[in-house]
>>> print(open('model_13.txt').read())   # compact mmCIF, C-alpha atoms
# COMPACT_ATOMS: atom_id res chain seq x y z
CA MET A 1 122.83 94.68 57.26
CA PHE A 2 125.98 92.63 57.24
CA ALA A 3 126.78 93.34 60.85
CA SER A 4 123.30 92.49 62.09
CA LYS A 5 122.72 89.29 60.08
CA ARG A 6 126.08 87.70 59.53
CA LEU A 7 127.80 88.23 62.86
CA VAL A 8 125.66 85.66 64.64
CA MET A 9 128.70 83.36 64.41
CA PHE A 10 130.80 85.72 66.51
CA SER A 11 130.77 86.43 70.21
CA TRP A 12 128.72 89.14 71.87
CA ASN A 13 131.89 91.17 72.33
CA SER A 14 132.39 91.38 68.58
CA ARG A 15 128.73 92.30 68.03
CA SER A 16 128.98 95.10 70.60
CA ILE A 17 131.95 96.47 68.67
CA PHE A 18 129.98 96.60 65.42
CA LYS A 19 127.03 98.20 67.15
CA ASN A 20 129.02 101.32 68.00
CA MET A 21 130.69 101.70 64.61
CA SER A 22 129.96 104.12 61.84
CA THR A 23 128.63 103.04 58.45
CA ASN A 24 132.00 103.49 56.73
CA SER A 25 133.78 101.44 59.38
CA ARG A 26 131.18 98.70 59.06
CA TYR A 27 131.72 98.53 55.31
CA GLN A 28 135.49 98.33 55.75
CA SER A 29 135.10 95.61 58.38
CA LYS A 30 132.83 93.71 56.00
CA GLN A 31 135.52 93.75 53.33
CA ILE A 32 138.14 92.69 55.88
CA CYS A 33 135.92 89.86 57.06
CA ILE A 34 135.53 88.65 53.46
CA GLN A 35 139.29 88.64 53.10
CA PHE A 36 139.76 86.76 56.38
CA PHE A 37 137.04 84.18 55.62
CA PRO A 38 137.34 83.05 51.97
CA PHE A 39 134.21 80.89 52.20
CA LEU A 40 132.10 84.08 52.46
CA ARG A 41 133.09 85.31 49.01
CA ASN A 42 131.08 82.83 46.92
CA ASN A 43 128.28 82.21 49.38
CA SER A 44 125.40 84.09 47.78
CA SER A 45 122.80 82.10 49.67
CA GLN A 46 123.55 83.92 52.91
CA PRO A 47 121.36 86.96 53.64
CA GLY A 48 123.00 90.30 53.08
CA PHE A 49 125.29 89.06 50.29
CA SER A 50 124.97 89.20 46.54
CA ASN A 51 127.07 88.09 43.62
CA GLN A 52 127.76 91.71 42.77
CA ASP A 53 129.28 92.35 46.18
CA ASP A 54 131.36 89.19 45.95
CA THR A 55 132.86 90.11 42.57
CA LYS A 56 133.84 93.58 43.68
CA GLU A 57 137.46 94.27 44.37
CA ILE A 58 138.20 94.38 48.08
CA GLU A 59 139.29 97.81 49.26
CA VAL A 60 141.16 97.87 52.54
CA CYS A 61 141.78 101.00 54.56
CA PRO A 62 145.27 102.43 53.99
CA ASN A 63 146.06 102.21 57.71
CA SER A 64 145.23 98.53 57.77
CA SER A 65 147.89 95.85 57.53
CA VAL A 66 145.64 92.95 56.61
CA GLY A 67 146.74 92.86 53.01
CA SER A 68 150.46 92.91 53.79
CA GLU A 69 152.78 90.15 52.72
CA ASN A 70 153.74 89.09 56.26
CA THR A 71 150.17 88.84 57.54
CA ILE A 72 149.48 86.03 59.98
CA SER A 73 146.36 84.95 58.06
CA SER A 74 148.44 82.83 55.70
CA PRO A 75 147.78 79.05 55.94
CA GLU A 76 151.32 78.31 57.15
CA HIS A 77 151.08 80.71 60.08
CA LEU A 78 147.58 79.56 60.99
CA GLU A 79 148.73 75.95 60.97
CA ALA A 80 151.71 76.80 63.19
CA ILE A 81 149.47 78.44 65.79
CA THR A 82 146.37 76.24 65.75
CA LYS A 83 148.12 72.93 64.87
CA GLY A 84 145.17 71.73 62.81
CA ASP A 85 142.47 72.48 65.40
CA LYS A 86 139.45 73.85 63.50
CA ASP A 87 137.79 75.38 66.56
CA LEU A 88 141.01 77.10 67.53
CA GLU A 89 141.47 78.33 63.96
CA HIS A 90 137.95 79.74 63.97
CA LYS A 91 138.60 81.48 67.29
CA LEU A 92 141.86 82.90 65.96
CA LYS A 93 140.11 84.34 62.90
CA VAL A 94 137.48 85.94 65.11
CA ILE A 95 140.23 87.53 67.24
CA MET A 96 141.93 88.77 64.06
CA LEU A 97 138.70 90.39 63.01
CA GLU A 98 138.30 91.89 66.46
CA VAL A 99 141.82 93.34 66.28
CA GLU A 100 141.15 94.82 62.86
CA VAL A 101 137.86 96.34 64.04
CA LEU A 102 139.67 97.94 66.99
CA ARG A 103 142.26 99.32 64.60
CA GLN A 104 139.63 100.77 62.27
CA SER A 105 137.80 102.37 65.19
CA GLY A 106 140.95 104.28 66.15
CA ARG A 107 142.08 102.22 69.15
CA PRO A 108 145.84 101.82 69.81
CA VAL A 109 146.56 98.54 68.02
CA PRO A 110 149.90 97.56 66.42
CA ASP A 111 150.25 96.45 62.83
CA ASN A 112 149.89 92.78 62.03
CA ASP A 113 153.48 92.74 60.79
CA PHE A 114 154.63 93.39 64.36
CA ILE A 115 152.37 90.76 65.99
CA THR A 116 154.31 87.50 66.03
CA PRO A 117 152.76 83.99 66.23
CA GLU A 118 153.67 83.90 69.93
CA MET A 119 151.66 87.08 70.49
CA TRP A 120 148.67 85.64 68.63
CA ASP A 121 148.95 82.52 70.78
CA TYR A 122 148.97 84.71 73.89
CA LEU A 123 145.87 86.53 72.63
CA LEU A 124 144.14 83.19 72.16
CA ASN A 125 144.69 82.31 75.81
CA LEU A 126 143.21 85.58 77.09
CA SER A 127 139.64 85.02 78.22
CA SER A 128 138.14 88.53 78.00
CA ARG A 129 138.05 91.28 75.42
CA SER A 130 139.30 93.87 77.91
CA ALA A 131 142.41 91.76 78.55
CA ARG A 132 143.06 91.52 74.81
CA THR A 133 142.56 95.28 74.43
CA LYS A 134 145.05 96.02 77.18
CA TYR A 135 147.59 93.62 75.71
CA LEU A 136 147.21 95.17 72.25
CA GLU A 137 147.66 98.64 73.77
CA PHE A 138 150.84 97.40 75.46
CA LEU A 139 152.15 96.08 72.13
CA PHE A 140 151.22 99.38 70.46
CA LYS A 141 153.33 101.30 72.99
CA ILE A 142 156.26 98.98 72.31
CA THR A 143 156.00 99.58 68.57
CA LYS A 144 155.94 103.34 69.08
CA LYS A 145 158.94 103.14 71.38
CA LYS A 146 160.88 101.13 68.82
CA GLN A 147 159.88 103.59 66.14
CA ARG A 148 161.11 106.53 68.22
CA ASP A 149 164.37 104.75 69.00
CA LEU A 150 164.90 104.08 65.30
CA GLU A 151 164.21 107.73 64.43
CA LYS A 152 166.68 108.88 67.10
CA LYS A 153 169.29 106.48 65.80
CA LEU A 154 168.84 107.68 62.23
CA GLU A 155 168.98 111.30 63.39
CA LYS A 156 172.22 110.68 65.31
CA ARG A 157 173.68 108.91 62.31
CA LYS A 158 172.75 111.87 60.12
CA GLU A 159 174.31 114.32 62.57
CA PHE A 160 177.48 112.24 62.72
CA ALA A 161 177.67 112.15 58.92
CA GLU A 162 177.29 115.93 58.80
CA PHE A 163 179.98 116.31 61.47
CA MET A 164 182.38 114.08 59.58
CA SER A 165 181.72 115.98 56.37
CA ARG A 166 182.64 119.29 58.06
CA LYS A 167 185.69 117.81 59.72
CA GLU A 168 189.11 118.47 58.33
CA PRO A 169 190.83 115.48 56.80
CA ILE A 170 193.52 113.82 58.88
CA VAL A 171 196.97 114.94 57.85
CA SER A 172 200.04 112.93 58.79
CA LEU A 173 202.10 115.12 61.09
CA PRO A 174 205.78 114.95 61.94
CA VAL A 175 206.78 113.26 65.17
CA GLU A 176 207.52 116.58 66.90
CA GLU A 177 204.07 118.05 66.16
CA HIS A 178 202.31 114.74 66.78
CA ALA A 179 203.69 114.54 70.34
CA PHE A 180 202.24 117.93 71.28
CA LYS A 181 198.78 117.31 69.83
CA TYR A 182 196.35 115.20 71.85
CA GLY A 183 193.08 113.64 70.75
CA LEU A 184 191.31 110.33 70.37
CA GLN A 185 192.57 110.12 66.82
CA PHE A 186 196.17 110.47 67.86
CA ASN A 187 196.88 109.32 71.43
CA ASN A 188 194.95 107.67 74.24
CA ILE A 189 196.40 106.83 77.65
CA PHE A 190 193.52 104.50 78.58
CA THR A 191 193.05 100.90 77.54
CA ARG A 192 189.71 100.16 75.94
CA PHE A 193 187.84 97.15 77.35
CA ARG A 194 185.12 95.99 75.02
CA ASP A 195 181.95 94.20 76.06
CA THR A 196 183.19 90.88 74.72
CA THR A 197 186.27 91.13 76.93
CA ILE A 198 184.13 91.78 80.01
CA ASN A 199 181.86 88.84 79.10
CA HIS A 200 184.87 86.54 78.77
CA LEU A 201 186.09 87.70 82.18
CA TYR A 202 182.75 87.03 83.86
CA ASN A 203 182.35 83.66 82.15
CA ARG A 204 185.82 82.64 83.25
CA LYS A 205 184.90 83.45 86.86
CA LEU A 206 181.83 81.23 86.52
CA VAL A 207 183.87 78.36 85.07
CA GLU A 208 186.24 78.56 88.05
CA THR A 209 183.25 78.66 90.38
CA MET A 210 181.86 75.49 88.79
CA GLN A 211 185.03 73.70 89.85
CA PHE A 212 185.68 75.14 93.30
CA GLY A 213 182.74 77.36 94.31
CA GLN A 214 179.68 76.81 96.46
CA LYS A 215 176.53 75.40 94.86
CA LEU A 216 173.20 77.22 94.80
CA VAL A 217 170.01 75.55 93.56
CA ILE A 218 167.03 77.31 91.95
CA ASP A 219 163.97 75.05 92.01
CA CYS A 220 162.07 75.72 88.77
CA GLY A 221 159.38 73.09 89.32
CA TYR A 222 156.52 75.49 90.04
CA ASP A 223 155.49 76.32 86.48
CA LYS A 224 152.10 74.61 86.91
CA ASN A 225 151.33 76.65 90.03
CA MET A 226 151.75 80.00 88.28
CA THR A 227 149.96 81.89 85.56
CA ARG A 228 151.53 82.48 82.20
CA ARG A 229 152.54 86.01 83.09
CA GLU A 230 154.13 84.83 86.34
CA ASN A 231 156.09 82.20 84.42
CA TYR A 232 157.48 84.85 82.09
CA ASN A 233 158.38 87.04 85.08
CA THR A 234 160.16 84.05 86.61
CA GLY A 235 162.26 83.62 83.47
CA LYS A 236 163.20 87.29 83.55
CA GLN A 237 164.21 87.07 87.21
CA LEU A 238 166.37 84.04 86.42
CA MET A 239 168.18 86.14 83.83
CA LEU A 240 168.69 88.96 86.35
CA LEU A 241 170.05 86.67 89.06
CA PHE A 242 172.46 85.10 86.57
CA SER A 243 173.73 88.56 85.62
CA GLU A 244 174.11 89.71 89.25
CA ASN A 245 175.78 86.46 90.24
CA ARG A 246 178.47 86.47 87.59
CA ALA A 247 179.31 90.15 88.25
CA HIS A 248 179.91 89.46 91.97
CA ASP A 249 183.37 88.98 93.46
CA GLU A 250 182.51 85.53 94.85
CA PRO A 251 179.74 84.08 92.65
CA PHE A 252 177.74 80.89 93.24
CA ASP A 253 177.68 77.83 91.04
CA ILE A 254 173.99 78.08 90.14
CA HIS A 255 171.94 75.02 89.15
CA PHE A 256 168.47 75.34 87.61
CA THR A 257 166.70 72.10 88.56
CA ASN A 258 163.25 70.63 87.76
CA LEU A 259 163.16 72.81 84.64
CA ASN A 260 160.66 71.72 82.01
CA LEU A 261 162.25 72.53 78.65
CA SER A 262 158.86 73.14 77.04
CA SER A 263 157.48 75.43 79.77
CA ASP A 264 156.94 79.17 79.61
CA ILE A 265 159.81 79.69 82.05
CA THR A 266 162.22 78.11 79.58
CA LYS A 267 160.84 80.18 76.71
CA SER A 268 161.24 83.39 78.68
CA LEU A 269 164.74 82.43 79.82
CA GLU A 270 165.80 81.61 76.26
CA LYS A 271 164.31 84.87 75.04
CA ASN A 272 166.32 86.88 77.58
CA ILE A 273 169.50 84.78 77.17
CA PRO A 274 169.57 83.41 73.60
CA THR A 275 172.80 81.41 74.18
CA VAL A 276 171.63 79.73 77.38
CA PHE A 277 171.48 76.22 75.88
CA GLU A 278 174.85 76.31 74.18
CA LYS A 279 177.46 73.89 75.47
CA GLU A 280 180.03 76.60 76.19
CA PHE A 281 177.61 78.72 78.23
CA PRO A 282 178.58 78.62 81.95
CA ILE A 283 175.25 77.59 83.45
CA ASN A 284 173.83 74.32 84.78
CA ILE A 285 170.33 73.35 83.64
CA HIS A 286 168.79 70.07 84.84
CA GLU A 287 165.44 68.47 84.20
CA ASN A 288 166.04 66.21 87.20
CA SER A 289 165.43 67.04 90.84
CA TYR A 290 168.11 68.36 93.16
CA LEU A 291 167.70 65.18 95.21
CA ASP A 292 169.27 63.25 92.31
CA LEU A 293 172.22 65.64 92.08
CA PHE A 294 173.30 66.52 95.62
CA PRO A 295 173.42 64.76 98.99
CA LYS A 296 170.23 65.29 100.96
CA GLU A 297 171.95 66.13 104.26
CA ARG A 298 173.58 69.22 102.75
CA LEU A 299 170.41 70.70 101.27
CA ILE A 300 168.64 73.60 103.01
CA TYR A 301 165.40 74.93 101.51
CA LEU A 302 164.91 78.69 101.97
CA THR A 303 161.20 79.32 102.33
CA PRO A 304 159.56 82.37 103.98
CA HIS A 305 156.79 80.23 105.52
CA CYS A 306 158.92 78.22 107.96
CA ARG A 307 159.66 79.18 111.59
CA GLU A 308 163.41 78.68 111.89
CA GLU A 309 165.42 81.78 111.05
CA MET A 310 168.79 81.75 109.33
CA THR A 311 171.29 83.36 111.72
CA THR A 312 174.65 82.52 110.09
CA PHE A 313 175.75 81.53 106.61
CA ASP A 314 176.94 77.94 106.18
CA HIS A 315 179.62 77.72 103.49
CA ASP A 316 179.28 73.93 103.26
CA ALA A 317 175.52 73.86 102.75
CA ILE A 318 173.66 73.87 99.46
CA TYR A 319 170.82 76.38 99.65
CA ILE A 320 167.67 75.98 97.57
CA ILE A 321 165.54 78.93 96.47
CA GLY A 322 162.08 78.33 95.02
CA GLY A 323 161.78 79.74 91.51
CA ILE A 324 158.26 81.04 91.95
CA VAL A 325 156.51 84.39 91.51
CA ASP A 326 153.49 84.28 93.83
CA LYS A 327 151.51 87.38 92.93
CA VAL A 328 148.23 85.45 92.72
CA ASN A 329 148.82 82.25 94.67
CA ASN A 330 150.26 82.95 98.15
CA GLU A 331 149.96 79.42 99.48
CA PRO A 332 153.03 77.88 101.21
CA ILE A 333 153.85 75.59 98.32
CA SER A 334 157.59 75.55 98.92
CA LEU A 335 157.09 74.74 102.61
CA ALA A 336 154.86 71.78 101.75
CA LYS A 337 157.36 70.53 99.18
CA ALA A 338 160.30 70.75 101.59
CA LYS A 339 158.33 68.93 104.29
CA ARG A 340 157.29 66.24 101.86
CA GLU A 341 160.90 65.65 100.84
CA GLY A 342 162.22 65.82 104.40
CA LEU A 343 164.62 68.74 103.88
CA ALA A 344 165.93 71.27 106.36
CA MET A 345 164.20 74.65 106.10
CA MET A 346 165.19 78.20 106.99
CA LYS A 347 164.06 81.75 106.29
CA PHE A 348 165.71 85.17 106.22
CA PRO A 349 165.48 87.08 109.54
CA LEU A 350 163.75 90.01 107.88
CA ASP A 351 161.60 91.02 110.85
CA ARG A 352 164.64 91.13 113.14
CA TYR A 353 166.65 93.58 111.03
CA LEU A 354 163.98 95.45 109.07
CA GLN A 355 160.85 97.37 109.92
CA TRP A 356 158.26 96.76 107.23
CA GLY A 357 155.88 99.45 106.14
CA GLY A 358 152.15 99.14 106.27
CA GLY A 359 150.54 97.58 103.20
CA SER A 360 153.85 96.40 101.71
CA GLY A 361 154.29 92.70 101.13
CA LYS A 362 157.28 90.89 102.58
CA SER A 363 157.88 88.96 99.38
CA LEU A 364 161.24 89.26 97.61
CA THR A 365 162.13 88.43 94.02
CA ILE A 366 164.44 85.53 93.19
CA ASN A 367 167.31 87.77 92.12
CA GLN A 368 167.00 89.79 95.36
CA CYS A 369 167.29 86.59 97.42
CA VAL A 370 170.42 85.58 95.48
CA ALA A 371 171.92 89.06 95.95
CA ILE A 372 171.32 88.80 99.72
CA LEU A 373 173.04 85.41 99.83
CA LEU A 374 175.99 86.71 97.81
CA ASP A 375 176.69 89.60 100.20
CA LEU A 376 176.03 87.41 103.23
CA LYS A 377 178.50 84.86 101.92
CA LYS A 378 181.15 87.54 101.43
CA THR A 379 180.67 89.69 104.55
CA GLY A 380 178.60 87.63 107.00
CA ASP A 381 176.77 90.82 107.98
CA TRP A 382 172.98 90.84 107.70
CA ASN A 383 172.81 94.63 107.73
CA CYS A 384 175.02 94.72 104.64
CA ALA A 385 173.22 91.85 102.93
CA LEU A 386 169.72 93.20 103.46
CA LYS A 387 170.51 96.42 101.61
CA HIS A 388 169.06 94.69 98.53
CA VAL A 389 165.56 94.82 100.02
CA PRO A 390 163.69 97.66 98.28
CA ARG A 391 163.46 100.76 100.45
CA ARG A 392 159.85 101.31 99.43
CA LYS A 393 158.85 98.26 101.49
CA LEU A 394 160.42 99.62 104.68
CA VAL A 395 159.53 102.33 107.15
CA ASP A 396 161.65 105.46 107.00
CA LEU A 397 162.45 105.93 110.69
CA GLU A 398 163.56 109.54 110.33
CA SER A 399 160.45 110.63 108.45
CA ASN A 400 158.29 108.57 110.78
CA TYR A 401 159.84 110.32 113.80
CA ARG A 402 159.25 113.70 112.19
CA SER A 403 155.63 112.91 111.48
CA LYS A 404 155.06 111.70 115.04
CA SER A 405 156.71 114.77 116.50
CA LEU A 406 154.57 116.92 114.24
CA PHE A 407 151.24 115.39 115.23
CA ASN A 408 151.96 114.52 118.87
CA SER A 409 153.66 117.74 119.97
CA ASN A 410 151.80 120.10 122.33
CA PRO A 411 153.11 123.60 121.71
CA GLN A 412 152.80 126.01 124.63
CA ARG A 413 150.11 128.57 124.25
CA PRO A 414 151.16 132.22 124.56
CA VAL A 415 150.49 133.69 127.96
CA GLU A 416 147.65 136.15 127.76
CA PRO A 417 148.00 139.38 129.79
CA LYS A 418 145.68 139.75 132.75
CA ARG A 419 142.74 141.96 132.18
CA LYS A 420 142.30 145.03 134.36
CA THR A 421 138.77 144.93 135.66
CA SER A 422 137.05 147.52 137.81
CA TRP A 423 136.57 146.50 141.43
CA ARG A 424 133.13 145.47 142.57
CA PRO A 425 131.88 144.21 145.91
CA GLY A 426 131.16 140.77 144.64
CA ASN A 427 134.61 140.31 143.10
CA SER A 428 136.46 139.93 146.38
CA SER A 429 135.91 138.05 149.58
CA LYS A 430 138.15 140.37 151.67
CA PRO A 431 136.44 142.48 154.27
CA LEU A 432 135.97 146.09 153.41
CA GLY A 433 137.54 148.73 155.54
CA GLY A 434 137.98 152.45 155.89
CA ARG A 435 135.97 154.85 153.87
CA VAL A 436 134.89 152.20 151.39
CA LYS A 437 133.18 150.22 154.11
CA ASP A 438 131.43 153.27 155.46
CA PHE A 439 130.30 154.18 151.95
CA TYR A 440 128.62 150.86 151.32
CA ASP A 441 127.26 150.63 154.85
CA GLU A 442 125.24 153.78 154.29
>>> encode(input="model_13.txt", output="structure tokens")
Amino acid sequence: MFASKRLVMFSWNSRSIFKNMSTNSRYQSKQICIQFFPFLRNNSSQPGFSNQDDTKEIEVCPNSSVGSENTISSPEHLEAITKGDKDLEHKLKVIMLEVEVLRQSGRPVPDNDFITPEMWDYLLNLSSRSARTKYLEFLFKITKKKQRDLEKKLEKRKEFAEFMSRKEPIVSLPVEEHAFKYGLQFNNIFTRFRDTTINHLYNRKLVETMQFGQKLVIDCGYDKNMTRRENYNTGKQLMLLFSENRAHDEPFDIHFTNLNLSSDITKSLEKNIPTVFEKEFPINIHENSYLDLFPKERLIYLTPHCREEMTTFDHDAIYIIGGIVDKVNNEPISLAKAKREGLAMMKFPLDRYLQWGGGSGKSLTINQCVAILLDLKKTGDWNCALKHVPRRKLVDLESNYRSKSLFNSNPQRPVEPKRKTSWRPGNSSKPLGGRVKDFYDE
């Protein structure tokens, strides 16, 4: 009765969920709904409710995490997500109920303790129930992966403790015996380089590049032309290109320009590189345009939509790469922006050196473009630089030749032996002679 009379306030998606539920699940969802919406507890005027039901102690399913201490339904967390918007708060509560109903029906849904306020905010921006279900399934897989990793770590720790307990205690040996015994506990001919030492080495290379190296600009001003997922992918690609650049022998001095500090790109970049906004971190982040930082005559915008191909690498130029992931919007936005600003434009000669496969897009990620420029700067050879293009996008010439030779070959048919047929008058046009002629003449 509760599901049919009270859920008029919810969307049709929520009502369709309740329609396919069992009686026990409906009762549990009713108790969860009462806990989510406190105003339902003392509202005896609504149909389907009574004072007896309101005074009963709420029993939540053991697998549920609604009654946990870190639940997002607390007023502080709701205020942080909705920022005082009543309609948004109501929508968030409905989504919470929908998540709990999916969990009770056995769908792969993570616990509420794992779902952060950012994840709830992302769920609020999803327009359909199927999108929310897929996102919750994705989060559920992440939780299981983390749980398995933790179990493996604890198991390895237990095995190491057992190994150390069975190990003989270290005994101080004389110098003569110590020289003949080798092991990691006694001698080691290799120097150990820790991760912090490698990081200091890479960062030092970047600091030197900031003083004497060539500049490379990443235009991050396309956040409004991309979806939220594309913005997060852009932030991840910025992290990857920074890692590949600093590990190269001759890195660029990279400048992130037109970066909105409150955009999703910045959030994703800060999530992947937590120390990106520290003063000592060797990276250049600007909210201003590259036109305010560098001379206009040295700027060259690399866009795949222009006609002029880049034949040689100019060590005095400042190349600009558009920080955009165009999975949905394939319009030439960077070309229009470069034309509007009056900049020189070039593109990689991909068609000249590569043979693209059918159905594969010619788009490259931002970190792949930077890797191509790094090798081109060092070697000047396009064949060496274009090795960073994924092989799955190209045609395998050897396999293609084999397939053509397989389907276009005309194997010779075996020569069939001639049949021996008996001679008849009609089988030959030669005149008959001798006894044979006389026989047929009779």
>>> atom_distance(input="model_13.txt", atom1="CA of Gly106 in chain A", atom2="CA of Ile81 in chain A")
27.2 Å
>>> closest_residue(input="model_13.txt", among="A:Pro282, A:Gly380, A:Pro349, A:Pro295", to="Asp314 in chain A", atoms="only C-alpha atoms")
A:Gly380
>>> residues_around(input="model_13.txt", residues="Thr312 in chain A", least_positions_apart="6", cutoff="10 Å", atoms="all atoms listed in the file", output="PyMOL selection string")
chain A and resi 376-377+380-382
>>> residues_near_point(input="model_13.txt", point="(173.9, 80.0, 85.1)", cutoff="6 Å", atoms="only C-alpha atoms", output="PyMOL selection string")
chain A and resi 242+254+282-284
>>> atom_distance(input="model_13.txt", atom1="CA of Cys384 in chain A", atom2="CA of Leu354 in chain A")
11.9 Å
>>> build_atoms(input="model_13.txt", residues="range 362-378 of chain A", atoms="N, CA, C and O atoms", output="PDB file, in the frame of the given file")
ATOM      1  N   LYS A 362     155.948  91.289 102.184  1.00  0.00           N
ATOM      2  CA  LYS A 362     157.280  90.890 102.580  1.00  0.00           C
ATOM      3  C   LYS A 362     157.921  89.955 101.562  1.00  0.00           C
ATOM      4  O   LYS A 362     158.927  89.319 101.858  1.00  0.00           O
ATOM      5  N   SER A 363     157.340  89.839 100.403  1.00  0.00           N
ATOM      6  CA  SER A 363     157.880  88.960  99.380  1.00  0.00           C
ATOM      7  C   SER A 363     159.057  89.621  98.670  1.00  0.00           C
ATOM      8  O   SER A 363     159.056  90.833  98.437  1.00  0.00           O
ATOM      9  N   LEU A 364     160.056  88.801  98.334  1.00  0.00           N
ATOM     10  CA  LEU A 364     161.240  89.260  97.610  1.00  0.00           C
ATOM     11  C   LEU A 364     161.334  88.484  96.304  1.00  0.00           C
ATOM     12  O   LEU A 364     160.896  87.339  96.207  1.00  0.00           O
ATOM     13  N   THR A 365     161.927  89.107  95.298  1.00  0.00           N
ATOM     14  CA  THR A 365     162.130  88.430  94.020  1.00  0.00           C
ATOM     15  C   THR A 365     163.284  87.434  94.142  1.00  0.00           C
ATOM     16  O   THR A 365     164.058  87.449  95.105  1.00  0.00           O
ATOM     17  N   ILE A 366     163.409  86.561  93.142  1.00  0.00           N
ATOM     18  CA  ILE A 366     164.440  85.530  93.190  1.00  0.00           C
ATOM     19  C   ILE A 366     165.819  86.151  93.107  1.00  0.00           C
ATOM     20  O   ILE A 366     166.750  85.745  93.825  1.00  0.00           O
ATOM     21  N   ASN A 367     165.994  87.142  92.251  1.00  0.00           N
ATOM     22  CA  ASN A 367     167.310  87.770  92.120  1.00  0.00           C
ATOM     23  C   ASN A 367     167.688  88.557  93.375  1.00  0.00           C
ATOM     24  O   ASN A 367     168.864  88.655  93.728  1.00  0.00           O
ATOM     25  N   GLN A 368     166.696  89.116  94.100  1.00  0.00           N
ATOM     26  CA  GLN A 368     167.000  89.790  95.360  1.00  0.00           C
ATOM     27  C   GLN A 368     167.459  88.808  96.424  1.00  0.00           C
ATOM     28  O   GLN A 368     168.384  89.104  97.201  1.00  0.00           O
ATOM     29  N   CYS A 369     166.858  87.618  96.465  1.00  0.00           N
ATOM     30  CA  CYS A 369     167.290  86.590  97.420  1.00  0.00           C
ATOM     31  C   CYS A 369     168.723  86.145  97.123  1.00  0.00           C
ATOM     32  O   CYS A 369     169.529  85.959  98.044  1.00  0.00           O
ATOM     33  N   VAL A 370     169.055  85.983  95.846  1.00  0.00           N
ATOM     34  CA  VAL A 370     170.420  85.580  95.480  1.00  0.00           C
ATOM     35  C   VAL A 370     171.407  86.689  95.823  1.00  0.00           C
ATOM     36  O   VAL A 370     172.526  86.417  96.306  1.00  0.00           O
ATOM     37  N   ALA A 371     171.033  87.943  95.611  1.00  0.00           N
ATOM     38  CA  ALA A 371     171.920  89.060  95.950  1.00  0.00           C
ATOM     39  C   ALA A 371     172.166  89.119  97.454  1.00  0.00           C
ATOM     40  O   ALA A 371     173.285  89.419  97.907  1.00  0.00           O
ATOM     41  N   ILE A 372     171.141  88.837  98.264  1.00  0.00           N
ATOM     42  CA  ILE A 372     171.320  88.800  99.720  1.00  0.00           C
ATOM     43  C   ILE A 372     172.283  87.696 100.113  1.00  0.00           C
ATOM     44  O   ILE A 372     173.173  87.889 100.953  1.00  0.00           O
ATOM     45  N   LEU A 373     172.136  86.514  99.513  1.00  0.00           N
ATOM     46  CA  LEU A 373     173.040  85.410  99.830  1.00  0.00           C
ATOM     47  C   LEU A 373     174.469  85.701  99.386  1.00  0.00           C
ATOM     48  O   LEU A 373     175.426  85.302 100.063  1.00  0.00           O
ATOM     49  N   LEU A 374     174.643  86.384  98.285  1.00  0.00           N
ATOM     50  CA  LEU A 374     175.990  86.710  97.810  1.00  0.00           C
ATOM     51  C   LEU A 374     176.722  87.621  98.799  1.00  0.00           C
ATOM     52  O   LEU A 374     177.884  87.374  99.154  1.00  0.00           O
ATOM     53  N   ASP A 375     176.048  88.684  99.248  1.00  0.00           N
ATOM     54  CA  ASP A 375     176.690  89.600 100.200  1.00  0.00           C
ATOM     55  C   ASP A 375     176.852  88.958 101.575  1.00  0.00           C
ATOM     56  O   ASP A 375     177.822  89.230 102.283  1.00  0.00           O
ATOM     57  N   LEU A 376     175.899  88.114 101.957  1.00  0.00           N
ATOM     58  CA  LEU A 376     176.030  87.410 103.230  1.00  0.00           C
ATOM     59  C   LEU A 376     177.186  86.425 103.198  1.00  0.00           C
ATOM     60  O   LEU A 376     177.892  86.240 104.204  1.00  0.00           O
ATOM     61  N   LYS A 377     177.377  85.791 102.065  1.00  0.00           N
ATOM     62  CA  LYS A 377     178.500  84.860 101.920  1.00  0.00           C
ATOM     63  C   LYS A 377     179.838  85.602 102.013  1.00  0.00           C
ATOM     64  O   LYS A 377     180.807  85.090 102.593  1.00  0.00           O
ATOM     65  N   LYS A 378     179.896  86.795 101.466  1.00  0.00           N
ATOM     66  CA  LYS A 378     181.150  87.540 101.430  1.00  0.00           C
ATOM     67  C   LYS A 378     181.448  88.234 102.752  1.00  0.00           C
ATOM     68  O   LYS A 378     182.588  88.219 103.244  1.00  0.00           O
TER      69      LYS A 378
END
